[in-house]
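Student: Dropping a structure here in structure tokens format, bear with me for questions.
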Amino acid sequence: MLVSLSIRNLAVVEAVDVHFHQGFHVLTGETGAGKSIIIDALVLISGGRGAADLVRYGCDKAEMEALFELPAGHPVWEVLAKLGIQGNADEHLLIRRELASSGKSTSRINGQLVNLSMLREVGEHIVNIHGQHEPQNLLRTDRHLSLLDTYGDSMIGPVKARYRERYGAFVKAEKELRELQESSQKSYQMLDMYRFQLEEIASARLQPGEDELLAEERVKLSHSEKMMDAVAGAYELLQSQQGLDAVSSAAAMLEDISHYDSKQLQPITEQIQSAYYQLEDAVFQLRSYREQIEFNPERLQEVEQRLALIAGLRRKYGDSVEQILEYSQKIEHETDKLENKDERLEKLTAQRDKLLAELLATADELSAARKQCAEDLAVQVERELNELQMGRTSLRVKIDPLEDARGYEWNGRKIRPTKQGIDNAEFLISANPGEPLRPLGKIASGGEISRVMLALKSIFARHDQIPVLIFDEVDTGVSGRAAQSIAEKLYRLSSVCQVFSITHLPQVACMADSQYLIEKSVQDGRTMTQVEELTDEGRVKELARMLGGVEITQKTLHHAQEMLNLAQAQKKEGHRVE
């Protein structure tokens with residue numbers, strides 16, 4: 001439930017803090033007093049888009065904060081966990097939204113910054129707002145299928161999930177098949193090119209890492225003469241009397257006298273001896289290396305040609321021998337696909353047809369589930385409408401396949417499957433006995449549409465687990481007994497969720513558990529809107545105003561008190577649970 005709502009600098013509201021309760025709430029006040037601003041604040045809290053002109057004139061930003069209390073098993077906790085937002089059913093859920101005069105907004109859930117899409121994902125699980133234009137949405141036939149699916153989710157949902165999984169596989173196969181069919185001429189051109197490239201790469205007989213080894217060999221061959229001179233010179237110097245012999249003689253001289261001062265001379269002698277052995281080993285290695293140095297201009301030319309060939313292939317197919325070989329494997333696979341195109345077409349067609357058959361079979365199951373739920377929904381809506389003074393109304397949910405002349409054969413018709421199935425749903429209504437069923441928009445008045453919408457919302461509220469349901473003047477266009485029936489319906493609906501209603505009808509207001517008065521005043525030249533929770537005495541006065549207009553008489557006050565008394569008695573007798 002919504003525990004409290006705080007609003008700062010939103011439109012004509014400077015500062016409002018309102019606390020709410022369980023049950024049915026009504027918001028009343030003169031036209032233009034600012035009742036819709038409360039709705040605007042909750043729209044923003046639940047992720048609606050805000051505009052800069054909503055910020056109170058002269059202020060930098062508008063601020064809204066809502067506190068919710070939700071049970072442990074509510075779906076919103078799972079949504080918060082998925083979004084990485086801290087939440088605990090033992091604590092309240094706090095949502096804060098700031099709207100700057102520049103148009104930018106900032107949102108926080110439990111103090112954690114979130115973007116608008118995250119806020120909207122959370123908001124749609126806790127607040128459901130039905131504005132004055134909601135009845136018009138009900139006239140849109142493209143919404144009817146989703147309404148039916150929402151109602152029958154427990155039966156339709158699992159079948160729909162299987163259908164969508166198969167639809168995804170079918171669409172993928174159909175796309176692949178279509179692309180293969182449309183690429184015939186291009187594929188032959190590609191096949192010739194791939195064959196040429198494969199032959200060119202294969203004839204090179206490349207080995208992984210070959211280019212690096214050849215580059216090293218080219219450096220050696222290119223500088224072999226200089227290397228020979230340097231190595232031979234070094235060898236001769238070390239082999240001369242001034243080389244190893246000199247070091248050996250120096251070591252012998254020191255060894256003869258080292259015992260006179262062993263502490264200092266012995267380490268020096270050992271270092272020179274060690275250096276002698278290392279130099280001796282180096283001389284042996286130089287001699288061996290000198291013998292390996294090759295003067296081979298022909299081999300150098302071969303290496304240069306090989307590297308030039310690899311460089312040409314690298315410019316075409318990759319930055320290294322490894323990438324060239326990877327490319328070769330790739331086009332070899334593509335060549336195989338193109339060479340076996342007819343066979344592949346046959347396989348893909350068979351696969352597509354198999355997936356289509358499975359998809360249509362599941363679509364049949366989905367249609368059957370929808371038709372069963374449609375019959376149940378019609379019964380439920382007619383029952384609700386009977387309680388809303390539309391007892392002679394008949395409602396049917398017409399389900400027909402989506403026909404398409406370019407589609408697939410199905411039960412003697414051409415249909416085109418969509419992500420939602422193969423069905424089109426439309427609500428048909430007959431407001432009077434003997435009248436044929438027709439689309440809602442053609443036979444229903446504004447008041448009738450409002451009551452049909454309320455009937456549907458009453459049914460959906462028992463399925464969607466949304467704890468806060470808000471109606472903005474759902475009673476527009478009705479009066480008398482119909483208005484009273486709407487009031488009773490809203491009251492009973494508050495047994496499954498917290499219900500708010502903006503209303504101008506005293507019949508609706510008197511059935512509420514809590515009533516809030518929205519008033520507009522002028523202070524210091526500025527317009528201000530205030531929200532006050534009414535006491536029993538305040539409710540009598542407000543109901544009298546709603547009944548009598550500007551002038552409130554003792555009769556209207558008495559009538560208002562009588563309405564409240566009758567409403568309380570009716571609520572006690574009828575209870576709340578539907």
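Here's how to read the names in the structure tokens: chain A, B, ... by the order shown, residue numbers from 1 in each chain, ligand numbers from 1 in the order shown.
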Please produce, as a Markdown table, a per-residue contact table for range 137-198 of chain A versus range 336-351 of chain A (criterion: any atom at most 8 Å away, only C-alpha atoms considered), showing the nearest atom pair and its distance in Å to one decimal, sorted by chain then residue number.
Tutor:
| residue | atom | partner | partner_atom | distance |
| --- | --- | --- | --- | --- |
| A:Ala173 | CA | A:Leu348 | CA | 7.0 |
| A:Glu176 | CA | A:Leu348 | CA | 7.9 |
| A:Leu177 | CA | A:Leu348 | CA | 6.0 |
| A:Leu180 | CA | A:Leu345 | CA | 7.2 |
| A:Gln181 | CA | A:Leu345 | CA | 7.6 |
| A:Ser187 | CA | A:Leu338 | CA | 6.6 |
| A:Tyr188 | CA | A:Leu338 | CA | 7.7 |
| A:Leu191 | CA | A:Leu338 | CA | 6.6 |
Student: Emit the selected residues as a CSV table (one decimal), in the first residue's frame, including N, CA and C atoms.
Tutor:
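Contents of selection_18.csv, freshly written:
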chain,number,residue,atom,x,y,z
A,173,ALA,N,14.8,-19.7,-38.8
A,173,ALA,CA,14.9,-20.6,-40.0
A,173,ALA,C,14.4,-20.0,-41.2
A,176,GLU,N,16.9,-17.4,-42.6
A,176,GLU,CA,18.0,-18.1,-43.2
A,176,GLU,C,17.6,-18.7,-44.6
A,177,LEU,N,16.5,-19.3,-44.7
A,177,LEU,CA,16.0,-19.8,-45.9
A,177,LEU,C,15.8,-18.7,-47.0
A,180,LEU,N,19.0,-17.4,-48.3
A,180,LEU,CA,19.7,-18.4,-49.2
A,180,LEU,C,19.0,-18.4,-50.6
A,181,GLN,N,17.7,-18.2,-50.6
A,181,GLN,CA,17.0,-18.2,-51.8
A,181,GLN,C,17.2,-16.9,-52.6
A,187,SER,N,25.6,-15.7,-55.1
A,187,SER,CA,26.4,-16.8,-54.5
A,187,SER,C,27.3,-17.5,-55.5
A,188,TYR,N,26.9,-17.5,-56.8
A,188,TYR,CA,27.8,-18.1,-57.8
A,188,TYR,C,29.0,-17.2,-58.1
A,191,LEU,N,31.2,-17.9,-55.2
A,191,LEU,CA,31.8,-19.2,-55.2
A,191,LEU,C,33.1,-19.2,-56.1
Student: Counting only C-alpha atoms, what is within 10 Å of Arg164 in chain A, bar same-chain residues fewer than 4 positions away, as a PyMOL selection string?
Tutor: chain A and resi 159-160+168-170+359+362-363+418-421
Student: Would you mind listing what lies within 9 Å of range 214-220 of chain A as a VMD selection string, with only C-alpha atoms counted and same-chain residues fewer than 3 positions away left out?
Tutor: chain A and resid 209 to 211 223 to 224 227 293 to 294 299 to 300 303 to 304 306 to 307
Student: Could those residues be written to a file, using N, CA and C atoms, as an mmCIF file, in the first residue's frame?
Tutor:
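Final output, saved to again-v2.cif:
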data_model
loop_
_atom_site.group_PDB
_atom_site.id
_atom_site.type_symbol
_atom_site.label_atom_id
_atom_site.label_comp_id
_atom_site.auth_asym_id
_atom_site.auth_seq_id
_atom_site.Cartn_x
_atom_site.Cartn_y
_atom_site.Cartn_z
ATOM 1 N N GLY A 209 53.742 -19.212 -38.405
ATOM 2 C CA GLY A 209 54.986 -18.635 -37.919
ATOM 3 C C GLY A 209 56.085 -18.559 -38.959
ATOM 4 N N GLU A 210 55.788 -18.981 -40.176
ATOM 5 C CA GLU A 210 56.804 -19.024 -41.229
ATOM 6 C C GLU A 210 57.336 -17.639 -41.547
ATOM 7 N N ASP A 211 56.498 -16.629 -41.586
ATOM 8 C CA ASP A 211 56.946 -15.287 -41.943
ATOM 9 C C ASP A 211 57.960 -14.734 -40.944
ATOM 10 N N HIS A 223 73.476 -9.897 -43.895
ATOM 11 C CA HIS A 223 74.629 -9.344 -43.189
ATOM 12 C C HIS A 223 75.674 -10.423 -42.887
ATOM 13 N N SER A 224 75.675 -11.474 -43.677
ATOM 14 C CA SER A 224 76.567 -12.604 -43.390
ATOM 15 C C SER A 224 78.051 -12.224 -43.488
ATOM 16 N N MET A 227 79.026 -10.194 -40.480
ATOM 17 C CA MET A 227 79.023 -11.083 -39.314
ATOM 18 C C MET A 227 80.283 -11.963 -39.301
ATOM 19 N N ILE A 293 78.243 -19.687 -40.439
ATOM 20 C CA ILE A 293 77.866 -18.508 -41.234
ATOM 21 C C ILE A 293 77.902 -18.858 -42.709
ATOM 22 N N GLU A 294 76.782 -18.510 -43.389
ATOM 23 C CA GLU A 294 76.601 -18.957 -44.771
ATOM 24 C C GLU A 294 76.581 -17.774 -45.724
ATOM 25 N N ARG A 299 70.050 -18.429 -51.702
ATOM 26 C CA ARG A 299 69.088 -18.639 -50.605
ATOM 27 C C ARG A 299 68.453 -17.314 -50.186
ATOM 28 N N LEU A 300 69.274 -16.243 -50.166
ATOM 29 C CA LEU A 300 68.730 -14.925 -49.825
ATOM 30 C C LEU A 300 67.644 -14.513 -50.811
ATOM 31 N N VAL A 303 64.481 -16.462 -50.033
ATOM 32 C CA VAL A 303 63.803 -15.929 -48.842
ATOM 33 C C VAL A 303 63.062 -14.640 -49.184
ATOM 34 N N GLU A 304 63.733 -13.762 -49.951
ATOM 35 C CA GLU A 304 63.101 -12.500 -50.342
ATOM 36 C C GLU A 304 61.836 -12.755 -51.152
ATOM 37 N N ARG A 306 59.968 -15.467 -51.110
ATOM 38 C CA ARG A 306 58.958 -16.083 -50.239
ATOM 39 C C ARG A 306 58.268 -15.027 -49.369
ATOM 40 N N LEU A 307 59.062 -14.128 -48.821
ATOM 41 C CA LEU A 307 58.491 -13.054 -47.995
ATOM 42 C C LEU A 307 57.613 -12.131 -48.823
#
Student: Quick one: pull the distance between CA of Val321 in chain A and CA of Glu298 in chain A, Å, one decimal.
Tutor: 24.0 Å
Student: For a quick check of understanding, using only C-alpha atoms, which of A:Asn386, A:Thr28, A:Ser479, A:Asn9 has the smallest distance to Leu543 in chain A?
Tutor: A:Thr28
Student: Name the residues in contact with Glu542 in chain A at a cut-off of 9 Å, using only C-alpha atoms, excluding same-chain residues fewer than 5 positions from it; report them as a PyMOL selection string.
Tutor: chain A and resi 28-29+506+517+534+537+547+560
Student: One decimal, in Å: what's the spacing between CA of Met1 in chain A and CA of Val496 in chain A?
Tutor: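 Spanning CA of Met1 in chain A to CA of Val496 in chain A is a straight-line distance of 10.7 Å.
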